[in-house]
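Asks: I am sharing data.pdb, which consists of PDB, C-alpha atoms, pLDDT in the B column:
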```pdb
MODEL        1
ATOM      1  CA  MET A 106      -5.652  17.177 -12.907  1.00 85.00           C
ATOM      2  CA  GLU A 107      -5.516  16.527  -9.169  1.00 93.00           C
ATOM      3  CA  HIS A 108      -2.544  14.655  -7.727  1.00 95.00           C
ATOM      4  CA  ALA A 109      -3.262  11.609  -5.579  1.00 95.00           C
ATOM      5  CA  GLY A 110      -2.375  12.004  -1.916  1.00 94.00           C
ATOM      6  CA  PHE A 111       0.225  10.067   0.020  1.00 95.00           C
ATOM      7  CA  GLY A 112      -2.346   8.011   1.955  1.00 95.00           C
ATOM      8  CA  SER A 113      -4.156   6.682  -1.094  1.00 95.00           C
ATOM      9  CA  ARG A 114      -0.839   6.023  -2.844  1.00 96.00           C
ATOM     10  CA  PHE A 115       0.367   4.110   0.200  1.00 96.00           C
ATOM     11  CA  PHE A 116      -2.732   1.899   0.373  1.00 96.00           C
ATOM     12  CA  ALA A 117      -2.571   1.157  -3.364  1.00 96.00           C
ATOM     13  CA  TRP A 118       1.113   0.248  -2.953  1.00 95.00           C
ATOM     14  CA  LEU A 119       0.162  -1.959   0.000  1.00 96.00           C
ATOM     15  CA  ILE A 120      -2.507  -3.815  -2.005  1.00 96.00           C
ATOM     16  CA  ASP A 121      -0.093  -4.374  -4.880  1.00 96.00           C
ATOM     17  CA  GLY A 122       2.582  -5.378  -2.365  1.00 93.00           C
ATOM     18  CA  ILE A 123       0.316  -8.029  -0.902  1.00 94.00           C
ATOM     19  CA  LEU A 124      -0.155  -9.501  -4.375  1.00 90.00           C
ATOM     20  CA  MET A 125       3.618  -9.478  -4.915  1.00 88.00           C
ATOM     21  CA  GLY A 126       4.086 -10.947  -1.428  1.00 89.00           C
ATOM     22  CA  ILE A 127       1.875 -13.909  -2.228  1.00 91.00           C
ATOM     23  CA  LEU A 128       4.039 -14.739  -5.234  1.00 82.00           C
ATOM     24  CA  ALA A 129       7.224 -14.158  -3.238  1.00 81.00           C
ATOM     25  CA  GLY A 130       5.880 -16.436  -0.486  1.00 85.00           C
ATOM     26  CA  VAL A 131       5.253 -19.234  -2.943  1.00 85.00           C
ATOM     27  CA  CYS A 132       8.732 -18.762  -4.385  1.00 79.00           C
ATOM     28  CA  ALA A 133      10.286 -18.644  -0.900  1.00 78.00           C
ATOM     29  CA  GLY A 134       8.518 -21.888  -0.020  1.00 83.00           C
ATOM     30  CA  CYS A 135      10.022 -23.510  -3.106  1.00 78.00           C
ATOM     31  CA  ALA A 136      13.470 -22.146  -2.243  1.00 73.00           C
ATOM     32  CA  PHE A 137      13.137 -23.379   1.349  1.00 75.00           C
ATOM     33  CA  GLY A 138      12.183 -26.819   0.071  1.00 77.00           C
ATOM     34  CA  ALA A 139      15.209 -26.856  -2.212  1.00 71.00           C
ATOM     35  CA  ALA A 140      17.485 -25.725   0.636  1.00 70.00           C
ATOM     36  CA  THR A 141      16.068 -28.442   2.889  1.00 74.00           C
ATOM     37  CA  LEU A 142      16.842 -31.050   0.233  1.00 69.00           C
ATOM     38  CA  ALA A 143      20.346 -29.673  -0.103  1.00 66.00           C
ATOM     39  CA  ALA A 144      20.942 -29.765   3.651  1.00 67.00           C
ATOM     40  CA  ALA A 145      19.712 -33.355   3.858  1.00 68.00           C
ATOM     41  CA  GLY A 146      22.255 -34.570   1.327  1.00 63.00           C
ATOM     42  CA  ASP A 147      26.001 -34.661   1.639  1.00 60.00           C
ATOM     43  CA  ASP A 148      26.531 -34.034  -2.044  1.00 67.00           C
ATOM     44  CA  SER A 149      27.632 -30.535  -3.038  1.00 74.00           C
ATOM     45  CA  PHE A 150      25.526 -30.929  -6.187  1.00 75.00           C
ATOM     46  CA  PHE A 151      22.392 -30.301  -4.122  1.00 71.00           C
ATOM     47  CA  GLY A 152      23.914 -27.169  -2.596  1.00 71.00           C
ATOM     48  CA  VAL A 153      24.633 -25.758  -6.041  1.00 77.00           C
ATOM     49  CA  LEU A 154      21.173 -26.801  -7.214  1.00 75.00           C
ATOM     50  CA  ALA A 155      19.524 -25.065  -4.237  1.00 73.00           C
ATOM     51  CA  ALA A 156      21.491 -21.868  -4.919  1.00 77.00           C
ATOM     52  CA  LEU A 157      20.487 -21.932  -8.583  1.00 82.00           C
ATOM     53  CA  ILE A 158      16.837 -22.476  -7.687  1.00 79.00           C
ATOM     54  CA  ALA A 159      16.911 -19.606  -5.185  1.00 77.00           C
ATOM     55  CA  PHE A 160      18.511 -17.291  -7.751  1.00 84.00           C
ATOM     56  CA  PHE A 161      15.988 -18.346 -10.396  1.00 83.00           C
ATOM     57  CA  LEU A 162      13.079 -17.645  -8.044  1.00 81.00           C
ATOM     58  CA  ILE A 163      14.418 -14.154  -7.242  1.00 83.00           C
ATOM     59  CA  VAL A 164      14.610 -13.476 -10.982  1.00 88.00           C
ATOM     60  CA  VAL A 165      11.044 -14.769 -11.404  1.00 85.00           C
ATOM     61  CA  VAL A 166       9.722 -12.412  -8.697  1.00 85.00           C
ATOM     62  CA  ALA A 167      11.588  -9.425 -10.202  1.00 90.00           C
ATOM     63  CA  PHE A 168      10.326 -10.324 -13.685  1.00 93.00           C
ATOM     64  CA  PHE A 169       6.757 -10.655 -12.416  1.00 91.00           C
ATOM     65  CA  GLN A 170       6.969  -7.236 -10.735  1.00 94.00           C
ATOM     66  CA  PHE A 171       8.228  -5.674 -13.977  1.00 97.00           C
ATOM     67  CA  VAL A 172       5.511  -7.313 -16.096  1.00 95.00           C
ATOM     68  CA  TYR A 173       2.728  -6.634 -13.551  1.00 96.00           C
ATOM     69  CA  PHE A 174       3.327  -2.888 -13.432  1.00 97.00           C
ATOM     70  CA  GLY A 175       4.346  -2.653 -17.087  1.00 97.00           C
ATOM     71  CA  PHE A 176       1.126  -4.299 -18.212  1.00 97.00           C
ATOM     72  CA  PHE A 177      -1.340  -2.498 -15.950  1.00 97.00           C
ATOM     73  CA  TRP A 178       0.177   0.994 -16.075  1.00 97.00           C
ATOM     74  CA  SER A 179       0.615   0.928 -19.853  1.00 97.00           C
ATOM     75  CA  ARG A 180      -2.892  -0.453 -20.431  1.00 97.00           C
ATOM     76  CA  ASP A 181      -4.999   1.997 -18.429  1.00 96.00           C
ATOM     77  CA  GLY A 182      -2.596   3.614 -15.975  1.00 97.00           C
ATOM     78  CA  GLN A 183      -3.927   1.637 -13.012  1.00 97.00           C
ATOM     79  CA  SER A 184      -2.525  -1.315 -11.117  1.00 97.00           C
ATOM     80  CA  LEU A 185      -5.085  -3.384  -9.219  1.00 95.00           C
ATOM     81  CA  GLY A 186      -4.411  -1.394  -6.031  1.00 96.00           C
ATOM     82  CA  MET A 187      -4.725   1.924  -7.861  1.00 97.00           C
ATOM     83  CA  LYS A 188      -7.940   0.817  -9.551  1.00 97.00           C
ATOM     84  CA  MET A 189      -9.463   0.097  -6.131  1.00 96.00           C
ATOM     85  CA  LEU A 190      -8.513   3.602  -4.942  1.00 96.00           C
ATOM     86  CA  SER A 191      -9.364   5.508  -8.163  1.00 97.00           C
ATOM     87  CA  MET A 192      -5.998   6.831  -9.262  1.00 97.00           C
ATOM     88  CA  LYS A 193      -3.641   6.282 -12.152  1.00 97.00           C
ATOM     89  CA  VAL A 194      -0.096   6.851 -13.392  1.00 97.00           C
ATOM     90  CA  VAL A 195       0.369   9.282 -16.287  1.00 97.00           C
ATOM     91  CA  ARG A 196       3.295  11.006 -17.983  1.00 97.00           C
ATOM     92  CA  ARG A 197       4.100  14.293 -16.266  1.00 93.00           C
ATOM     93  CA  ASN A 198       3.561  16.838 -19.029  1.00 87.00           C
ATOM     94  CA  SER A 199       1.359  15.096 -21.565  1.00 89.00           C
ATOM     95  CA  SER A 200      -0.982  13.167 -19.233  1.00 88.00           C
ATOM     96  CA  GLU A 201      -0.620  10.204 -21.582  1.00 95.00           C
ATOM     97  CA  LEU A 202      -0.160   6.654 -20.372  1.00 97.00           C
ATOM     98  CA  CYS A 203       3.338   5.258 -19.926  1.00 97.00           C
ATOM     99  CA  SER A 204       4.846   2.806 -22.363  1.00 97.00           C
ATOM    100  CA  PHE A 205       5.158  -0.791 -21.178  1.00 98.00           C
ATOM    101  CA  TRP A 206       8.920  -0.357 -20.680  1.00 98.00           C
ATOM    102  CA  ARG A 207       8.681   2.934 -18.761  1.00 97.00           C
ATOM    103  CA  ALA A 208       5.900   1.525 -16.583  1.00 98.00           C
ATOM    104  CA  GLY A 209       7.769  -1.714 -15.933  1.00 97.00           C
ATOM    105  CA  PHE A 210      10.993   0.033 -14.985  1.00 98.00           C
ATOM    106  CA  ARG A 211       9.092   2.563 -12.826  1.00 98.00           C
ATOM    107  CA  GLY A 212       7.391  -0.248 -10.885  1.00 96.00           C
ATOM    108  CA  SER A 213      10.522  -2.337 -10.451  1.00 95.00           C
ATOM    109  CA  LEU A 214      13.787  -0.388 -10.645  1.00 96.00           C
ATOM    110  CA  GLY A 215      12.079   2.854  -9.599  1.00 96.00           C
ATOM    111  CA  TYR A 216      10.449   1.236  -6.579  1.00 96.00           C
ATOM    112  CA  TRP A 217      13.742  -0.383  -5.584  1.00 94.00           C
ATOM    113  CA  ILE A 218      15.510   2.981  -5.757  1.00 96.00           C
ATOM    114  CA  SER A 219      12.741   4.657  -3.745  1.00 96.00           C
ATOM    115  CA  SER A 220      13.108   1.919  -1.125  1.00 95.00           C
ATOM    116  CA  LEU A 221      16.754   2.770  -0.497  1.00 93.00           C
ATOM    117  CA  VAL A 222      17.661   4.746   2.608  1.00 91.00           C
ATOM    118  CA  CYS A 223      14.667   3.753   4.758  1.00 94.00           C
ATOM    119  CA  SER A 224      12.133   4.254   1.928  1.00 94.00           C
ATOM    120  CA  LEU A 225      12.940   7.955   1.770  1.00 96.00           C
ATOM    121  CA  GLY A 226      12.055   7.949  -1.943  1.00 96.00           C
ATOM    122  CA  PHE A 227       8.452   7.002  -1.163  1.00 96.00           C
ATOM    123  CA  LEU A 228       8.216   9.426   1.767  1.00 96.00           C
ATOM    124  CA  TRP A 229       9.408  12.228  -0.513  1.00 96.00           C
ATOM    125  CA  ALA A 230       5.824  12.453  -1.834  1.00 95.00           C
ATOM    126  CA  LEU A 231       4.815  13.883   1.561  1.00 95.00           C
ATOM    127  CA  ILE A 232       6.895  17.040   1.095  1.00 96.00           C
ATOM    128  CA  ASP A 233       6.972  17.444  -2.692  1.00 95.00           C
ATOM    129  CA  ALA A 234       4.752  20.167  -4.174  1.00 92.00           C
ATOM    130  CA  ASN A 235       3.403  17.770  -6.838  1.00 91.00           C
ATOM    131  CA  LYS A 236       3.351  14.785  -4.456  1.00 94.00           C
ATOM    132  CA  GLU A 237       6.033  13.046  -6.509  1.00 95.00           C
ATOM    133  CA  ALA A 238       8.136  10.222  -5.123  1.00 97.00           C
ATOM    134  CA  TRP A 239      11.644   9.562  -6.428  1.00 97.00           C
ATOM    135  CA  HIS A 240      10.386   6.986  -8.938  1.00 97.00           C
ATOM    136  CA  ASP A 241       7.966   9.603 -10.331  1.00 97.00           C
ATOM    137  CA  LYS A 242      10.812  12.050 -10.803  1.00 97.00           C
ATOM    138  CA  LEU A 243      13.074   9.430 -12.396  1.00 97.00           C
ATOM    139  CA  PHE A 244      10.459   8.204 -14.862  1.00 97.00           C
ATOM    140  CA  ASP A 245       8.656  11.501 -15.585  1.00 96.00           C
ATOM    141  CA  THR A 246       5.301  10.464 -14.106  1.00 97.00           C
ATOM    142  CA  TRP A 247       2.534  11.713 -11.875  1.00 96.00           C
ATOM    143  CA  VAL A 248      -0.020   9.769  -9.872  1.00 97.00           C
ATOM    144  CA  VAL A 249      -3.378  11.487 -10.303  1.00 96.00           C
ATOM    145  CA  LYS A 250      -6.951  10.851  -9.278  1.00 95.00           C
ATOM    146  CA  ALA A 251      -8.803   8.859 -11.929  1.00 92.00           C
TER     147      ALA A 251
ENDMDL
END
```
Let me see the file written as structure tokens.

Replies:
Amino acid sequence: MEHAGFGSRFFAWLIDGILMGILAGVCAGCAFGAATLAAAGDDSFFGVLAALIAFFLIVVVAFFQFVYFGFFWSRDGQSLGMKMLSMKVVRRNSSELCSFWRAGFRGSLGYWISSLVCSLGFLWALIDANKEAWHDKLFDTWVVKA
């Protein structure tokens, strides 16, 4: 089993990120609209409403990220970006697919952790012998060529 390289992993992440960005953009537009309504009124009710809407939209984006990766990686090991670049996520020692929960947490919580400290967790795949990023190590996964 051949590990996927950093470049192909990066471009798959970028493709998936664009899809997430579209959803986040729609949600940000809704939040901006709510904030504009709140700023136009003098009532504190609208300020509280705008804050609740913004919080709800952040939760929606996080939930979508969890479900997106959980669904695709548990179904066939490939997100849409990975499918385009012929690679997949598998469990480290068994080469089996991840469960929905492991895949969802890897693609959300794991990605957030890897993003900390200037995305050092993602860059770790450049120097690791098995090309593993921090989220691979945390969730016992490899990214391999499909």

Asks: Excluding region 232-243 of chain A and any residue of its chain fewer than 6 positions from it, enumerate the residues within 10 Å of it, using all atoms listed in the file, and give them as a list in words.

Replies: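 Here the answer would be Glu107, His108, Ala109, Gly110, Phe111, Arg114, Val194, Val195, Arg196, Arg197, Phe210, Arg211, Gly212, Ser213, Leu214, Gly215, Tyr216, Trp217, Ile218, Ser219, Ser220, Ser224, Leu225, Gly226 and Val249 of chain A.
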
Asks: For Gly175 (chain A), which residue among A:Gly126, A:Gly112, A:Gly134, A:Gly209 is the nearest when counting all atoms listed in the file?

Replies: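 Closest residue, counting all atoms listed in the file: A:Gly209.
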
Asks: In Å to one decimal, how far is CA of Leu157 (chain A) from CA of Ala133 (chain A)?

Replies: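 It comes out at 13.2 Å.
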
Asks: Which of these residues is nearest to Val165 (chain A), using only C-alpha atoms: A:Ala139, A:Leu221, A:Met106, A:Cys132?

Replies: A:Cys132

Asks: So, counting all atoms listed in the file, which residue among A:Phe174, A:Leu202, A:Ile163, A:Gly152 is closest to Met187 (chain A)?

Replies: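 Looking only at the distances to Met187 (chain A), the closest residue turns out to be A:Phe174.
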
Asks: Rounded to one decimal in Å, what is the spacing between CA of Arg180 (chain A) and CA of Trp118 (chain A)?

Replies: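 Going from CA of Arg180 (chain A) over to CA of Trp118 (chain A) covers 17.9 Å.
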
Asks: Could you check which of A:Phe137, A:Ser191, A:Ala129, A:Ser149 is closest to Val164 (chain A), using only C-alpha atoms?

Replies: A:Ala129

Asks: For CA of Val172 (chain A) and CA of Gly186 (chain A), determine how far apart the two atoms are, in Å to one decimal place.

Replies: 15.3 Å

Asks: Taking all listed atoms of region 173-189 of chain A, build the axis-aligned box, pad each of the six sides by 5 Å, then write its centre and edge lengths in Å to one decimal as lines of an AutoDock Vina configuration file.

Replies:
```
center_x = -2.6
center_y = -1.5
center_z = -13.2
size_x = 23.8
size_y = 20.2
size_z = 24.4
```

Asks: Using only C-alpha atoms, which of A:Gly122, A:Arg207, A:Phe169, A:Leu228 sits nearest Asp245 (chain A)?

Replies: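 The answer is A:Arg207, which sits nearest to Asp245 (chain A).
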
Asks: Out of A:Cys223, A:Ala208, A:Val166, A:Met192, which residue has the shortest atom-to-atom distance to Gly130 (chain A) when counting only C-alpha atoms?

Replies: A:Val166

Asks: Could you write region 152-163 of chain A of the block just shown to a file containing all heavy atoms, as a tab-separated table (two decimals), in the first residue's frame?

Replies:
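Below you can see result35.tsv, which holds the result:
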```tsv
chain	number	residue	atom	x	y	z
A	152	GLY	N	-29.96	42.44	18.66
A	152	GLY	CA	-28.55	42.11	18.92
A	152	GLY	C	-28.41	40.69	19.43
A	152	GLY	O	-27.54	39.94	18.99
A	153	VAL	N	-29.27	40.31	20.34
A	153	VAL	CA	-29.26	38.94	20.86
A	153	VAL	C	-29.63	37.96	19.75
A	153	VAL	O	-29.01	36.90	19.61
A	153	VAL	CB	-30.22	38.80	22.07
A	153	VAL	CG1	-30.37	37.35	22.49
A	153	VAL	CG2	-29.73	39.65	23.22
A	154	LEU	N	-30.62	38.32	18.96
A	154	LEU	CA	-31.04	37.46	17.85
A	154	LEU	C	-29.91	37.27	16.85
A	154	LEU	O	-29.65	36.15	16.39
A	154	LEU	CB	-32.27	38.06	17.16
A	154	LEU	CG	-32.85	37.25	16.00
A	154	LEU	CD1	-33.34	35.90	16.50
A	154	LEU	CD2	-33.97	38.02	15.33
A	155	ALA	N	-29.21	38.34	16.52
A	155	ALA	CA	-28.07	38.24	15.58
A	155	ALA	C	-26.98	37.34	16.14
A	155	ALA	O	-26.40	36.53	15.41
A	155	ALA	CB	-27.52	39.63	15.28
A	156	ALA	N	-26.69	37.47	17.42
A	156	ALA	CA	-25.67	36.61	18.05
A	156	ALA	C	-26.09	35.15	18.02
A	156	ALA	O	-25.27	34.27	17.74
A	156	ALA	CB	-25.40	37.07	19.48
A	157	LEU	N	-27.35	34.89	18.30
A	157	LEU	CA	-27.84	33.51	18.26
A	157	LEU	C	-27.78	32.93	16.85
A	157	LEU	O	-27.42	31.77	16.66
A	157	LEU	CB	-29.27	33.44	18.80
A	157	LEU	CG	-29.42	33.60	20.30
A	157	LEU	CD1	-30.91	33.68	20.69
A	157	LEU	CD2	-28.75	32.46	21.02
A	158	ILE	N	-28.13	33.74	15.87
A	158	ILE	CA	-28.07	33.28	14.47
A	158	ILE	C	-26.63	32.99	14.08
A	158	ILE	O	-26.34	31.96	13.46
A	158	ILE	CB	-28.73	34.31	13.52
A	158	ILE	CG1	-30.24	34.33	13.75
A	158	ILE	CG2	-28.40	34.00	12.07
A	158	ILE	CD1	-30.96	35.45	13.03
A	159	ALA	N	-25.71	33.86	14.44
A	159	ALA	CA	-24.30	33.65	14.11
A	159	ALA	C	-23.78	32.37	14.77
A	159	ALA	O	-23.10	31.56	14.13
A	159	ALA	CB	-23.46	34.84	14.55
A	160	PHE	N	-24.11	32.16	16.03
A	160	PHE	CA	-23.70	30.94	16.72
A	160	PHE	C	-24.30	29.71	16.05
A	160	PHE	O	-23.60	28.71	15.82
A	160	PHE	CB	-24.13	30.99	18.20
A	160	PHE	CG	-23.84	29.72	18.94
A	160	PHE	CD1	-22.54	29.42	19.34
A	160	PHE	CD2	-24.85	28.82	19.22
A	160	PHE	CE1	-22.26	28.24	20.01
A	160	PHE	CE2	-24.58	27.64	19.89
A	160	PHE	CZ	-23.28	27.35	20.28
A	161	PHE	N	-25.58	29.76	15.72
A	161	PHE	CA	-26.25	28.65	15.05
A	161	PHE	C	-25.57	28.32	13.72
A	161	PHE	O	-25.38	27.15	13.39
A	161	PHE	CB	-27.72	28.98	14.84
A	161	PHE	CG	-28.46	27.93	14.07
A	161	PHE	CD1	-28.78	26.72	14.64
A	161	PHE	CD2	-28.82	28.16	12.75
A	161	PHE	CE1	-29.45	25.74	13.92
A	161	PHE	CE2	-29.49	27.19	12.00
A	161	PHE	CZ	-29.81	25.97	12.60
A	162	LEU	N	-25.20	29.34	12.96
A	162	LEU	CA	-24.58	29.10	11.66
A	162	LEU	C	-23.18	28.49	11.81
A	162	LEU	O	-22.78	27.65	11.00
A	162	LEU	CB	-24.53	30.40	10.86
A	162	LEU	CG	-25.90	30.93	10.46
A	162	LEU	CD1	-25.77	32.29	9.79
A	162	LEU	CD2	-26.63	29.96	9.55
A	163	ILE	N	-22.44	28.87	12.85
A	163	ILE	CA	-21.14	28.24	13.11
A	163	ILE	C	-21.34	26.76	13.43
A	163	ILE	O	-20.61	25.90	12.95
A	163	ILE	CB	-20.41	28.97	14.26
A	163	ILE	CG1	-19.96	30.35	13.77
A	163	ILE	CG2	-19.22	28.16	14.77
A	163	ILE	CD1	-19.47	31.26	14.88
```
